[in-house]
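Enquirer: This one is run_26.txt, compact mmCIF, C-alpha atoms.
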```txt
# COMPACT_ATOMS: atom_id res chain seq x y z
CA MET Y 1 -28.87 -10.89 12.30
CA ILE Y 2 -28.76 -7.62 10.42
CA VAL Y 3 -28.28 -8.00 6.69
CA LEU Y 4 -27.82 -5.19 4.19
CA PRO Y 5 -28.90 -5.65 0.57
CA GLU Y 6 -25.84 -6.95 -1.31
CA ASP Y 7 -25.49 -3.94 -3.63
CA GLN Y 8 -25.73 -1.51 -0.73
CA ALA Y 9 -23.15 -3.48 1.25
CA LYS Y 10 -20.70 -3.54 -1.65
CA GLN Y 11 -21.11 0.16 -2.44
CA ARG Y 12 -20.61 1.06 1.21
CA ILE Y 13 -17.38 -0.97 1.43
CA ALA Y 14 -15.99 0.48 -1.80
CA TRP Y 15 -16.88 4.03 -0.73
CA ARG Y 16 -15.28 3.60 2.70
CA ILE Y 17 -12.02 2.30 1.27
CA ALA Y 18 -11.90 5.15 -1.26
CA GLN Y 19 -11.99 7.62 1.68
CA GLU Y 20 -8.70 6.10 2.90
CA PHE Y 21 -7.05 7.10 -0.38
CA ASN Y 22 -8.91 10.32 -1.20
CA ARG Y 23 -7.27 12.26 1.61
CA THR Y 24 -3.75 11.81 0.21
CA GLU Y 25 -1.76 14.89 -0.72
CA CYS Y 26 1.07 13.09 -2.49
CA PRO Y 27 0.93 10.56 -5.34
CA LEU Y 28 -0.57 7.25 -4.23
CA PHE Y 29 -0.36 4.11 -6.34
CA ILE Y 30 -3.02 1.48 -5.76
CA ASN Y 31 -3.90 -1.87 -7.30
CA LEU Y 32 -7.52 -3.00 -7.25
CA GLY Y 33 -8.57 -6.64 -7.38
CA VAL Y 34 -11.69 -8.08 -8.97
CA GLY Y 35 -15.20 -7.54 -7.51
CA ILE Y 36 -15.78 -4.97 -4.73
CA PRO Y 37 -12.16 -3.71 -5.04
CA THR Y 38 -12.79 -2.62 -8.65
CA MET Y 39 -15.75 -0.53 -7.41
CA VAL Y 40 -13.39 1.51 -5.20
CA ALA Y 41 -12.30 3.41 -8.33
CA ASP Y 42 -15.84 4.79 -8.71
CA TYR Y 43 -15.43 6.74 -5.46
CA ILE Y 44 -11.90 8.09 -5.95
CA ASN Y 45 -12.01 11.87 -6.36
CA ASN Y 46 -8.36 12.80 -5.91
CA ASP Y 47 -6.13 13.19 -8.98
CA GLN Y 48 -3.10 12.14 -6.94
CA VAL Y 49 -4.45 8.58 -6.77
CA PHE Y 50 -3.12 6.44 -9.63
CA ILE Y 51 -4.54 2.99 -10.31
CA GLN Y 52 -2.20 0.20 -11.39
CA ALA Y 53 -3.33 -3.01 -13.11
CA GLU Y 54 -1.05 -6.03 -12.93
CA ASN Y 55 -1.63 -6.86 -16.60
CA GLY Y 56 0.55 -3.89 -17.42
CA MET Y 57 -0.89 -0.42 -16.98
CA LEU Y 58 -0.51 2.56 -14.67
CA GLY Y 59 -3.13 5.32 -14.71
CA LEU Y 60 -6.33 3.41 -15.43
CA GLY Y 61 -9.45 5.41 -16.12
CA PRO Y 62 -13.07 4.33 -15.58
CA ALA Y 63 -14.68 1.39 -17.40
CA ALA Y 64 -15.19 2.06 -21.11
CA GLU Y 65 -18.67 3.00 -22.26
CA GLU Y 66 -20.61 0.83 -24.69
CA GLY Y 67 -19.41 1.55 -28.21
CA LYS Y 68 -16.02 2.79 -26.98
CA LYS Y 69 -14.64 -0.53 -25.74
CA ASP Y 70 -11.21 -1.59 -26.95
CA PRO Y 71 -10.67 -5.34 -26.31
CA MET Y 72 -6.90 -4.68 -26.13
CA LEU Y 73 -7.34 -2.15 -23.30
CA ILE Y 74 -8.51 -4.08 -20.26
CA ASN Y 75 -7.97 -4.32 -16.53
CA ALA Y 76 -6.90 -7.48 -14.71
CA GLY Y 77 -10.54 -8.57 -14.51
CA ARG Y 78 -10.71 -8.49 -18.34
CA ILE Y 79 -13.05 -5.47 -18.25
CA PRO Y 80 -12.45 -2.84 -20.99
CA ILE Y 81 -11.30 0.36 -19.33
CA THR Y 82 -10.06 3.77 -20.45
CA GLU Y 83 -6.81 5.70 -20.41
CA THR Y 84 -6.07 8.80 -18.34
CA PRO Y 85 -3.61 11.52 -19.44
CA GLY Y 86 -0.14 10.39 -18.37
CA CYS Y 87 -0.96 6.69 -18.26
CA SER Y 88 1.58 4.09 -19.36
CA PHE Y 89 1.78 0.49 -20.55
CA PHE Y 90 4.49 -2.03 -19.68
CA ASP Y 91 5.15 -5.76 -19.67
CA SER Y 92 4.14 -8.18 -16.91
CA CYS Y 93 7.66 -8.33 -15.42
CA THR Y 94 7.81 -4.57 -14.99
CA SER Y 95 4.30 -4.63 -13.58
CA PHE Y 96 5.09 -7.23 -10.94
CA GLY Y 97 8.42 -5.55 -10.36
CA MET Y 98 6.45 -2.49 -9.25
CA ILE Y 99 4.37 -4.67 -6.97
CA ARG Y 100 7.06 -6.94 -5.53
CA GLY Y 101 9.55 -4.11 -5.34
CA GLY Y 102 7.37 -2.17 -2.93
CA HIS Y 103 6.49 0.68 -5.28
CA VAL Y 104 2.73 0.11 -5.06
CA ASP Y 105 1.31 1.77 -1.94
CA ALA Y 106 -1.75 -0.39 -1.48
CA THR Y 107 -3.68 -3.28 -2.90
CA VAL Y 108 -7.38 -3.82 -2.33
CA ILE Y 109 -8.46 -7.44 -2.60
CA GLY Y 110 -11.46 -9.58 -1.82
CA ALA Y 111 -11.20 -12.60 0.47
CA PHE Y 112 -12.90 -15.83 1.50
CA GLU Y 113 -11.44 -15.62 5.01
CA VAL Y 114 -9.20 -13.37 7.10
CA ASP Y 115 -7.98 -14.38 10.52
CA GLN Y 116 -6.94 -12.55 13.68
CA GLU Y 117 -3.24 -13.02 12.81
CA GLY Y 118 -3.68 -11.02 9.60
CA ASN Y 119 -3.54 -14.08 7.36
CA VAL Y 120 -5.75 -14.03 4.27
CA ALA Y 121 -7.22 -16.84 2.17
CA ASN Y 122 -8.56 -15.67 -1.18
CA TRP Y 123 -7.20 -17.81 -3.98
CA ILE Y 124 -8.67 -21.29 -3.97
CA ILE Y 125 -11.32 -23.59 -2.58
CA PRO Y 126 -9.74 -27.05 -2.70
CA ASN Y 127 -11.23 -29.51 -5.23
CA GLY Y 128 -13.41 -26.73 -6.57
CA LYS Y 129 -14.30 -25.78 -10.10
CA GLN Y 130 -11.57 -23.19 -10.37
CA LEU Y 131 -7.85 -23.53 -10.53
CA GLY Y 132 -5.83 -20.37 -10.43
CA VAL Y 133 -3.75 -18.07 -8.27
CA GLY Y 134 -3.18 -15.11 -10.57
CA GLY Y 135 -1.44 -12.16 -8.98
CA ALA Y 136 -2.97 -12.51 -5.51
CA MET Y 137 0.13 -13.86 -3.75
CA ASP Y 138 2.42 -11.31 -5.42
CA LEU Y 139 0.11 -8.48 -4.42
CA VAL Y 140 -0.24 -9.39 -0.74
CA ALA Y 141 3.51 -10.01 -0.43
CA GLY Y 142 4.56 -6.93 -2.37
CA ALA Y 143 2.15 -4.04 -1.84
CA LYS Y 144 3.01 -1.77 1.07
CA LYS Y 145 -0.52 -2.06 2.52
CA VAL Y 146 -3.13 -4.77 2.02
CA TYR Y 147 -6.79 -3.73 2.27
CA ILE Y 148 -9.43 -6.45 2.42
CA ALA Y 149 -12.79 -5.48 0.91
CA MET Y 150 -15.43 -8.09 1.66
CA THR Y 151 -18.90 -8.60 3.09
CA HIS Y 152 -18.80 -9.33 6.80
CA THR Y 153 -20.22 -12.85 6.51
CA THR Y 154 -20.89 -15.40 3.77
CA LYS Y 155 -24.26 -15.37 2.01
CA LYS Y 156 -25.36 -18.03 4.51
CA GLY Y 157 -24.32 -15.80 7.40
CA ALA Y 158 -21.13 -17.64 8.39
CA PRO Y 159 -18.30 -15.48 9.77
CA LYS Y 160 -15.40 -14.71 7.42
CA ILE Y 161 -13.27 -12.93 10.02
CA ILE Y 162 -12.22 -15.94 12.06
CA PRO Y 163 -9.58 -17.11 14.55
CA SER Y 164 -7.55 -19.06 11.99
CA CYS Y 165 -7.93 -19.50 8.21
CA THR Y 166 -9.30 -22.89 7.19
CA LEU Y 167 -8.71 -22.45 3.45
CA PRO Y 168 -5.29 -22.35 1.76
CA VAL Y 169 -3.63 -19.08 2.71
CA THR Y 170 -2.58 -16.45 0.14
CA GLY Y 171 -0.20 -14.62 2.44
CA TYR Y 172 0.78 -14.73 6.11
CA ARG Y 173 0.48 -11.66 8.37
CA GLU Y 174 0.06 -9.38 5.38
CA VAL Y 175 -3.34 -7.80 6.07
CA ASP Y 176 -3.38 -4.16 7.22
CA VAL Y 177 -7.04 -3.18 7.05
CA ILE Y 178 -10.34 -5.07 6.76
CA VAL Y 179 -13.37 -3.12 5.58
CA THR Y 180 -16.81 -4.75 5.63
CA GLU Y 181 -20.26 -3.17 5.46
CA PHE Y 182 -20.36 -3.13 9.26
CA ALA Y 183 -16.84 -2.49 10.47
CA LEU Y 184 -13.32 -1.32 9.85
CA PHE Y 185 -10.51 -3.29 11.51
CA ARG Y 186 -6.86 -2.26 11.43
CA PHE Y 187 -3.85 -4.44 12.28
CA LEU Y 188 -1.26 -2.71 14.42
CA GLU Y 189 1.82 -4.62 15.59
CA GLY Y 190 0.16 -7.95 14.88
CA ARG Y 191 -3.04 -7.17 16.74
CA MET Y 192 -6.46 -6.53 15.25
CA PHE Y 193 -8.28 -3.38 16.36
CA LEU Y 194 -11.92 -2.50 15.71
CA GLU Y 195 -11.73 1.17 14.76
CA GLU Y 196 -15.18 1.79 13.28
CA ILE Y 197 -18.58 0.20 13.71
CA ALA Y 198 -21.61 0.84 11.50
CA PRO Y 199 -24.58 2.69 13.02
CA GLU Y 200 -27.03 -0.22 12.62
CA VAL Y 201 -25.07 -2.83 14.59
CA SER Y 202 -24.20 -3.06 18.27
CA LEU Y 203 -20.83 -4.29 19.47
CA GLU Y 204 -22.53 -7.47 20.68
CA GLU Y 205 -24.08 -8.13 17.29
CA LEU Y 206 -20.72 -7.50 15.64
CA ARG Y 207 -19.04 -10.02 17.93
CA GLU Y 208 -21.62 -12.62 16.91
CA MET Y 209 -20.68 -12.11 13.26
CA THR Y 210 -16.95 -12.06 13.99
CA THR Y 211 -15.36 -15.12 15.58
CA ALA Y 212 -11.85 -13.64 15.43
CA GLN Y 213 -10.59 -11.96 18.59
CA PHE Y 214 -10.19 -8.23 18.28
CA ILE Y 215 -9.47 -5.26 20.49
CA VAL Y 216 -11.95 -2.39 20.55
CA ALA Y 217 -10.00 0.79 19.86
CA GLY Y 218 -10.05 3.34 22.66
CA ASP Y 219 -11.49 5.91 20.29
CA LEU Y 220 -14.00 3.62 18.55
CA LYS Y 221 -15.79 5.63 15.88
CA THR Y 222 -19.05 5.31 14.02
CA TYR Y 223 -18.38 3.97 10.53
CA PRO Y 224 -19.19 6.87 8.23
CA VAL Y 225 -21.93 5.99 5.78
CA PRO Y 226 -22.21 7.91 2.50
CA MET W 227 3.15 -3.19 -50.13
CA GLY W 228 3.67 -6.67 -48.72
CA SER W 229 5.47 -7.92 -51.86
CA GLU W 230 8.03 -5.12 -51.66
CA LEU W 231 9.06 -6.03 -48.15
CA ARG W 232 12.37 -7.76 -47.65
CA CYS W 233 11.60 -9.80 -44.59
CA LYS W 234 13.40 -13.12 -44.41
CA LYS W 235 11.53 -14.09 -41.27
CA LEU W 236 8.05 -14.04 -42.83
CA MET W 237 6.16 -17.34 -42.89
CA SER W 238 2.60 -18.53 -43.20
CA LYS W 239 0.94 -19.38 -39.89
CA GLU W 240 0.71 -23.05 -40.95
CA ALA W 241 4.42 -23.29 -41.84
CA ALA W 242 5.32 -21.47 -38.62
CA VAL W 243 3.43 -23.80 -36.25
CA ASN W 244 4.73 -26.84 -38.13
CA LEU W 245 8.14 -25.98 -36.68
CA ILE W 246 6.77 -27.03 -33.28
CA LYS W 247 7.60 -30.62 -32.36
CA PRO W 248 5.16 -32.80 -30.41
CA GLY W 249 6.00 -32.73 -26.71
CA SER W 250 7.38 -29.19 -26.81
CA ARG W 251 7.20 -26.66 -24.01
CA VAL W 252 5.39 -23.73 -25.58
CA LEU W 253 5.18 -20.23 -24.09
CA ILE W 254 2.10 -18.36 -25.29
CA GLY W 255 1.59 -14.65 -24.66
CA GLY W 256 -1.62 -12.90 -23.68
CA PHE W 257 -3.79 -12.04 -20.71
CA GLY W 258 -7.43 -13.00 -21.18
CA ASN W 259 -8.34 -12.01 -24.72
CA ALA W 260 -5.72 -9.28 -24.96
CA GLY W 261 -2.41 -10.02 -26.62
CA ASP W 262 -2.77 -13.73 -27.33
CA PRO W 263 -1.58 -14.72 -30.83
CA LYS W 264 -5.01 -15.78 -32.07
CA LEU W 265 -3.98 -16.84 -35.60
CA LEU W 266 -1.08 -18.93 -34.35
CA ILE W 267 -3.28 -20.56 -31.72
CA ASP W 268 -5.87 -21.43 -34.39
CA ALA W 269 -3.16 -22.87 -36.62
CA LEU W 270 -1.73 -24.87 -33.72
CA CYS W 271 -5.20 -26.29 -33.00
CA SER W 272 -5.67 -27.25 -36.66
CA SER W 273 -2.20 -28.80 -36.85
CA GLY W 274 -3.09 -31.47 -34.31
CA ILE W 275 0.43 -31.29 -32.85
CA GLY W 276 0.05 -32.81 -29.41
CA ASP W 277 1.61 -33.75 -26.08
CA LEU W 278 2.30 -30.05 -25.51
CA VAL W 279 3.17 -28.30 -22.28
CA ILE W 280 1.50 -24.89 -22.54
CA MET W 281 3.10 -22.11 -20.49
CA SER W 282 0.78 -19.12 -20.37
CA ASN W 283 -1.03 -16.82 -17.96
CA ASP W 284 -4.40 -18.47 -18.57
CA LEU W 285 -6.08 -20.86 -20.99
CA GLY W 286 -8.70 -18.61 -22.55
CA SER W 287 -12.30 -19.73 -22.18
CA PRO W 288 -13.79 -23.21 -22.69
CA ASN W 289 -13.27 -24.35 -26.30
CA GLU W 290 -12.18 -20.83 -27.26
CA GLY W 291 -8.68 -19.63 -28.14
CA LEU W 292 -6.16 -21.58 -26.09
CA GLY W 293 -9.08 -23.47 -24.54
CA LYS W 294 -9.47 -25.31 -27.85
CA LEU W 295 -6.07 -26.97 -27.41
CA LEU W 296 -7.36 -28.61 -24.25
CA THR W 297 -10.66 -29.63 -25.84
CA ASN W 298 -8.67 -31.17 -28.73
CA GLY W 299 -6.55 -33.23 -26.34
CA GLN W 300 -3.30 -31.61 -27.51
CA VAL W 301 -2.18 -30.70 -23.98
CA ARG W 302 -0.05 -32.84 -21.65
CA GLY W 303 0.36 -30.17 -19.03
CA LEU W 304 0.01 -26.53 -18.09
CA ILE W 305 2.38 -24.16 -16.35
CA GLY W 306 0.64 -20.90 -15.62
CA THR W 307 -1.16 -18.68 -13.19
CA TYR W 308 -4.92 -18.36 -13.61
CA TYR W 309 -7.37 -20.90 -15.05
CA ASN W 310 -10.54 -19.60 -13.36
CA TRP W 311 -11.78 -18.31 -16.73
CA ASN W 312 -11.69 -21.84 -18.14
CA PRO W 313 -13.30 -24.35 -15.73
CA GLU W 314 -12.41 -27.20 -18.11
CA VAL W 315 -8.86 -26.96 -16.77
CA ALA W 316 -9.92 -27.94 -13.24
CA ILE W 317 -12.01 -30.79 -14.66
CA ALA W 318 -9.14 -32.15 -16.79
CA TYR W 319 -6.77 -31.80 -13.84
CA ASN W 320 -9.13 -33.49 -11.34
CA GLU W 321 -9.61 -36.37 -13.82
CA GLY W 322 -5.86 -36.76 -14.13
CA ARG W 323 -5.78 -35.99 -17.87
CA ILE W 324 -3.24 -33.17 -17.53
CA PHE W 325 -0.74 -31.87 -15.00
CA VAL W 326 -1.04 -28.27 -13.81
CA ASP W 327 1.79 -26.30 -12.19
CA LEU W 328 0.31 -23.14 -10.70
CA VAL W 329 2.79 -20.30 -10.35
CA PRO W 330 1.96 -16.86 -8.92
CA GLN W 331 1.66 -14.43 -11.81
CA GLY W 332 4.62 -12.24 -10.89
CA THR W 333 6.79 -15.26 -10.17
CA PHE W 334 5.76 -16.75 -13.51
CA ALA W 335 6.67 -13.57 -15.40
CA GLU W 336 10.01 -13.28 -13.62
CA ALA W 337 10.83 -16.98 -14.10
CA VAL W 338 10.25 -16.58 -17.83
CA ARG W 339 12.42 -13.47 -17.86
CA ALA W 340 15.12 -15.29 -15.89
CA ALA W 341 15.19 -18.04 -18.52
CA GLY W 342 15.61 -15.42 -21.19
CA VAL W 343 18.45 -13.57 -19.51
CA GLY W 344 20.57 -16.48 -18.36
CA ILE W 345 19.58 -16.64 -14.70
CA PRO W 346 18.81 -20.22 -13.57
CA ALA W 347 16.83 -19.35 -10.44
CA PHE W 348 16.02 -16.53 -8.05
CA TYR W 349 14.57 -15.92 -4.59
CA THR W 350 11.20 -14.24 -4.21
CA PRO W 351 9.08 -13.18 -1.22
CA THR W 352 5.89 -14.22 -3.02
CA ALA W 353 4.06 -17.34 -1.76
CA VAL W 354 6.30 -18.00 1.26
CA GLY W 355 4.65 -20.60 3.50
CA THR W 356 1.77 -21.30 1.09
CA GLU W 357 0.77 -24.52 -0.68
CA ILE W 358 2.24 -23.14 -3.90
CA ALA W 359 5.68 -23.02 -2.33
CA LYS W 360 5.48 -26.51 -0.78
CA GLY W 361 8.69 -28.45 -1.29
CA LYS W 362 10.53 -25.43 -2.63
CA GLU W 363 13.81 -24.37 -1.10
CA THR W 364 13.70 -21.29 1.14
CA ARG W 365 16.39 -18.99 2.43
CA GLU W 366 16.59 -16.00 4.74
CA PHE W 367 17.99 -12.66 3.67
CA ASN W 368 18.09 -9.84 6.23
CA GLY W 369 15.70 -11.73 8.48
CA LYS W 370 13.03 -12.31 5.84
CA THR W 371 12.21 -15.65 4.20
CA TYR W 372 12.25 -16.10 0.42
CA VAL W 373 11.34 -19.00 -1.90
CA LEU W 374 13.64 -20.29 -4.61
CA GLN W 375 12.04 -20.25 -8.05
CA GLU W 376 13.72 -21.86 -11.04
CA ALA W 377 13.68 -20.22 -14.46
CA LEU W 378 11.00 -21.37 -16.91
CA LYS W 379 12.62 -22.05 -20.25
CA ALA W 380 10.66 -23.15 -23.32
CA ASP W 381 11.30 -24.70 -26.71
CA VAL W 382 8.99 -22.32 -28.51
CA ALA W 383 7.29 -18.98 -27.79
CA LEU W 384 4.20 -17.84 -29.65
CA ILE W 385 3.78 -14.13 -29.12
CA LYS W 386 1.62 -11.29 -30.39
CA ALA W 387 2.88 -7.81 -31.22
CA TYR W 388 1.26 -4.88 -32.98
CA LYS W 389 3.87 -4.09 -35.61
CA ALA W 390 7.13 -5.58 -36.79
CA ASP W 391 9.67 -4.11 -39.14
CA GLU W 392 11.38 -6.24 -41.78
CA LEU W 393 14.09 -7.25 -39.32
CA GLY W 394 11.63 -8.34 -36.63
CA ASN W 395 11.83 -5.39 -34.22
CA LEU W 396 8.51 -5.30 -32.38
CA VAL W 397 6.19 -2.74 -30.87
CA TYR W 398 3.05 -3.53 -28.90
CA TYR W 399 -0.42 -2.11 -28.33
CA LYS W 400 -1.85 -1.05 -24.94
CA THR W 401 -2.54 -3.90 -22.50
CA ALA W 402 -1.98 -6.47 -25.26
CA ARG W 403 1.72 -6.18 -24.39
CA ASN W 404 1.61 -8.12 -21.06
CA PHE W 405 3.80 -11.26 -21.19
CA ASN W 406 4.78 -11.01 -24.85
CA PRO W 407 8.07 -9.07 -24.63
CA VAL W 408 9.20 -11.29 -21.74
CA MET W 409 8.38 -14.52 -23.54
CA ALA W 410 10.18 -13.26 -26.65
CA MET W 411 13.44 -13.74 -24.74
CA ALA W 412 12.82 -17.16 -23.24
CA ALA W 413 12.49 -19.75 -26.01
CA ASP W 414 14.75 -21.39 -28.59
CA LEU W 415 12.26 -20.56 -31.33
CA VAL W 416 10.24 -17.34 -31.17
CA ILE W 417 7.29 -16.88 -33.54
CA ALA W 418 5.66 -13.46 -33.52
CA GLU W 419 2.21 -12.80 -34.93
CA VAL W 420 1.80 -9.14 -35.89
CA ASP W 421 -0.92 -6.95 -37.40
CA GLU W 422 1.44 -5.18 -39.76
CA VAL W 423 4.98 -5.43 -41.13
CA VAL W 424 6.65 -2.12 -42.00
CA PRO W 425 9.92 -1.41 -43.86
CA ARG W 426 13.20 -1.26 -42.00
CA GLY W 427 13.68 2.17 -40.46
CA CYS W 428 9.97 2.85 -40.05
CA LEU W 429 9.88 2.06 -36.33
CA ASP W 430 11.26 4.73 -34.02
CA PRO W 431 14.29 3.06 -32.37
CA GLU W 432 13.33 4.73 -29.08
CA CYS W 433 9.99 2.94 -29.19
CA VAL W 434 11.11 -0.58 -30.12
CA VAL W 435 10.19 -2.86 -27.21
CA THR W 436 11.51 -6.18 -28.49
CA PRO W 437 14.75 -5.90 -30.51
CA HIS W 438 14.85 -8.26 -33.50
CA ILE W 439 17.66 -10.38 -32.03
CA PHE W 440 14.92 -12.21 -30.09
CA VAL W 441 12.57 -12.91 -33.01
CA ASP W 442 12.95 -15.86 -35.41
CA VAL W 443 9.70 -16.01 -37.39
CA ILE W 444 7.05 -13.42 -38.23
CA VAL W 445 3.50 -14.23 -39.22
CA ASN W 446 1.81 -11.22 -40.75
CA GLY W 447 -1.79 -11.34 -39.61
CA GLY W 448 -2.61 -8.10 -41.41
CA GLU W 449 -1.73 -9.64 -44.76
CA LEU W 450 -3.54 -12.85 -43.97
CA SER W 451 -6.84 -11.37 -42.89
```
Starting from the file, lay out its structure as structure tokens.
Expert:
Amino acid sequence: MIVLPEDQAKQRIAWRIAQEFNRTECPLFINLGVGIPTMVADYINNDQVFIQAENGMLGLGPAAEEGKKDPMLINAGRIPITETPGCSFFDSCTSFGMIRGGHVDATVIGAFEVDQEGNVANWIIPNGKQLGVGGAMDLVAGAKKVYIAMTHTTKKGAPKIIPSCTLPVTGYREVDVIVTEFALFRFLEGRMFLEEIAPEVSLEELREMTTAQFIVAGDLKTYPVP
Amino acid sequence: MGSELRCKKLMSKEAAVNLIKPGSRVLIGGFGNAGDPKLLIDALCSSGIGDLVIMSNDLGSPNEGLGKLLTNGQVRGLIGTYYNWNPEVAIAYNEGRIFVDLVPQGTFAEAVRAAGVGIPAFYTPTAVGTEIAKGKETREFNGKTYVLQEALKADVALIKAYKADELGNLVYYKTARNFNPVMAMAADLVIAEVDEVVPRGCLDPECVVTPHIFVDVIVNGGELS
């Protein structure tokens, strides 16, 4: 099986998702989850893309540099960030009102599993060491589009894009796009299409890493690599 | 300047937390380390008041901030959204020492707001079909399923603001605002920790976030520290 170094895989995923947003010509409001999703911001180069954080801010800037960190100015992953001109602060109700009310164009989240129905499991491993749901369920239910940013398989090589989620589900039929280091899948009318495949994997190899059923798009493209 | 202020709501942090009765449902503002009322939490830990149901986004870190309440054994249960930052919560829950009601963050915020504005329950699209919504009533509107969520009312709210005026009008600071203005509406007794108390008329009325009608007690952290 082909494996990319973890850092390279994560950077590639974050970069690819940023390209989805960078081509916008009108204001686009996006919420970024913890982990790879946060890295998407590093590759945004369009000033019409505005980042929302569910802890109550619109218009997040990059992470704060050492010596300039304000502990009262953080993103939802508790990382000190910076302001951009025109940013705003608001309470948690207003923040989730934006999300649930359909005002946020897209959310990018990580996941343990995604299945061929577009269901996503990303909040809990039963009887584990962590107990929490946070804003994950609100985001998948409320954001107009749900992007999954995750490595194609687990660290042990087990598929994460599977026929049916085995872990507790965060949201049903909410996923729009899955981006891994090897592929981009898009859900259209409840069906999962492979739209892009990375240059170093064959379709056969991709099928071995992906137990979910998918349709190969008629105009299958090579996944652009930065 | 503090002595010239005419603020009837001012109290010491110790006197303020002593108003909390054992067994109370206590809303506590904050998200991670931003916007939690640190002095009030410390005073509550020192007070030993127990059997509390803590309603908050998270429970800080192990034996730190709100985490200390759990270490001290002052907690009967938790209603909140995200305890991944404090693994002691899962341990206490798995050992049966506390109950934990997990609520999606947006649903939690809205349920607190609902309690504050006289709405007993509402329907939300969040969590439909998931384990979190198990046993909860559902209903269809325009062909889409929603879950019924009841309001989350509390006996006491401990909140953190940046500045208060003598009346108790509050303004906040950056992402330390989070749940605080919402929780200020949803408890019988609202205690606000602030960094500074300014004379009446010194806060721009256009900028007041929490009007003083919601605030009962002010603890001036600026004066204390």
Enquirer: Hey, what's within 7 Å of Ile215 of chain Y if we count all atoms listed in the file and toss same-chain stuff fewer than 2 positions away? As a list in words, please?
Expert: Met192, Phe193, Leu194 and Ala217 of chain Y
Enquirer: Any idea which chain Y residues end up within 8 Å of chain W if we count all atoms listed in the file, as a ChimeraX atom specification please?
Expert: /Y:55-57,71-74,78,89-93,96-97,100,127-138,141-142,168-172
Enquirer: Separation of atom CA of Pro248 of chain W and atom CA of Gly293 of chain W, in Å?
Expert: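 Taking atom CA of Pro248 of chain W as the start and atom CA of Gly293 of chain W as the end point, the length is 18.0 Å.
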Enquirer: Between atom CA of Lys235 of chain W and atom CA of Gly447 of chain W, what is the distance in Å, rounded to a tenth?
Expert: 13.7 Å
Enquirer: Name all residues at most 9 Å from Pro224 of chain Y (count only C-alpha atoms; drop same-chain ones fewer than 6 positions away) and give them as JSON, numbers by chain.
Expert: {"Y": [16, 196, 197, 198, 199]}
Enquirer: Please list, as a PDB file with C-alpha atoms, keeping the file's coordinate frame, the residues that have an atom at most 12 Å away from (13.7, -5.8, -38.5) in the coordinates of this file, counting all atoms listed in the file.
Expert:
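Result went into result33.pdb, see below:
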```
ATOM      1  CA  LEU W 231       9.060  -6.030 -48.150  1.00  0.00           C
ATOM      2  CA  ARG W 232      12.370  -7.760 -47.650  1.00  0.00           C
ATOM      3  CA  CYS W 233      11.600  -9.800 -44.590  1.00  0.00           C
ATOM      4  CA  LYS W 234      13.400 -13.120 -44.410  1.00  0.00           C
ATOM      5  CA  LYS W 235      11.530 -14.090 -41.270  1.00  0.00           C
ATOM      6  CA  LEU W 236       8.050 -14.040 -42.830  1.00  0.00           C
ATOM      7  CA  LYS W 389       3.870  -4.090 -35.610  1.00  0.00           C
ATOM      8  CA  ALA W 390       7.130  -5.580 -36.790  1.00  0.00           C
ATOM      9  CA  ASP W 391       9.670  -4.110 -39.140  1.00  0.00           C
ATOM     10  CA  GLU W 392      11.380  -6.240 -41.780  1.00  0.00           C
ATOM     11  CA  LEU W 393      14.090  -7.250 -39.320  1.00  0.00           C
ATOM     12  CA  GLY W 394      11.630  -8.340 -36.630  1.00  0.00           C
ATOM     13  CA  ASN W 395      11.830  -5.390 -34.220  1.00  0.00           C
ATOM     14  CA  LEU W 396       8.510  -5.300 -32.380  1.00  0.00           C
ATOM     15  CA  VAL W 397       6.190  -2.740 -30.870  1.00  0.00           C
ATOM     16  CA  VAL W 423       4.980  -5.430 -41.130  1.00  0.00           C
ATOM     17  CA  VAL W 424       6.650  -2.120 -42.000  1.00  0.00           C
ATOM     18  CA  PRO W 425       9.920  -1.410 -43.860  1.00  0.00           C
ATOM     19  CA  ARG W 426      13.200  -1.260 -42.000  1.00  0.00           C
ATOM     20  CA  GLY W 427      13.680   2.170 -40.460  1.00  0.00           C
ATOM     21  CA  CYS W 428       9.970   2.850 -40.050  1.00  0.00           C
ATOM     22  CA  LEU W 429       9.880   2.060 -36.330  1.00  0.00           C
ATOM     23  CA  ASP W 430      11.260   4.730 -34.020  1.00  0.00           C
ATOM     24  CA  PRO W 431      14.290   3.060 -32.370  1.00  0.00           C
ATOM     25  CA  VAL W 434      11.110  -0.580 -30.120  1.00  0.00           C
ATOM     26  CA  THR W 436      11.510  -6.180 -28.490  1.00  0.00           C
ATOM     27  CA  PRO W 437      14.750  -5.900 -30.510  1.00  0.00           C
ATOM     28  CA  HIS W 438      14.850  -8.260 -33.500  1.00  0.00           C
ATOM     29  CA  ILE W 439      17.660 -10.380 -32.030  1.00  0.00           C
ATOM     30  CA  PHE W 440      14.920 -12.210 -30.090  1.00  0.00           C
ATOM     31  CA  VAL W 441      12.570 -12.910 -33.010  1.00  0.00           C
ATOM     32  CA  ASP W 442      12.950 -15.860 -35.410  1.00  0.00           C
ATOM     33  CA  VAL W 443       9.700 -16.010 -37.390  1.00  0.00           C
ATOM     34  CA  ILE W 444       7.050 -13.420 -38.230  1.00  0.00           C
TER      35      ILE W 444
END
```
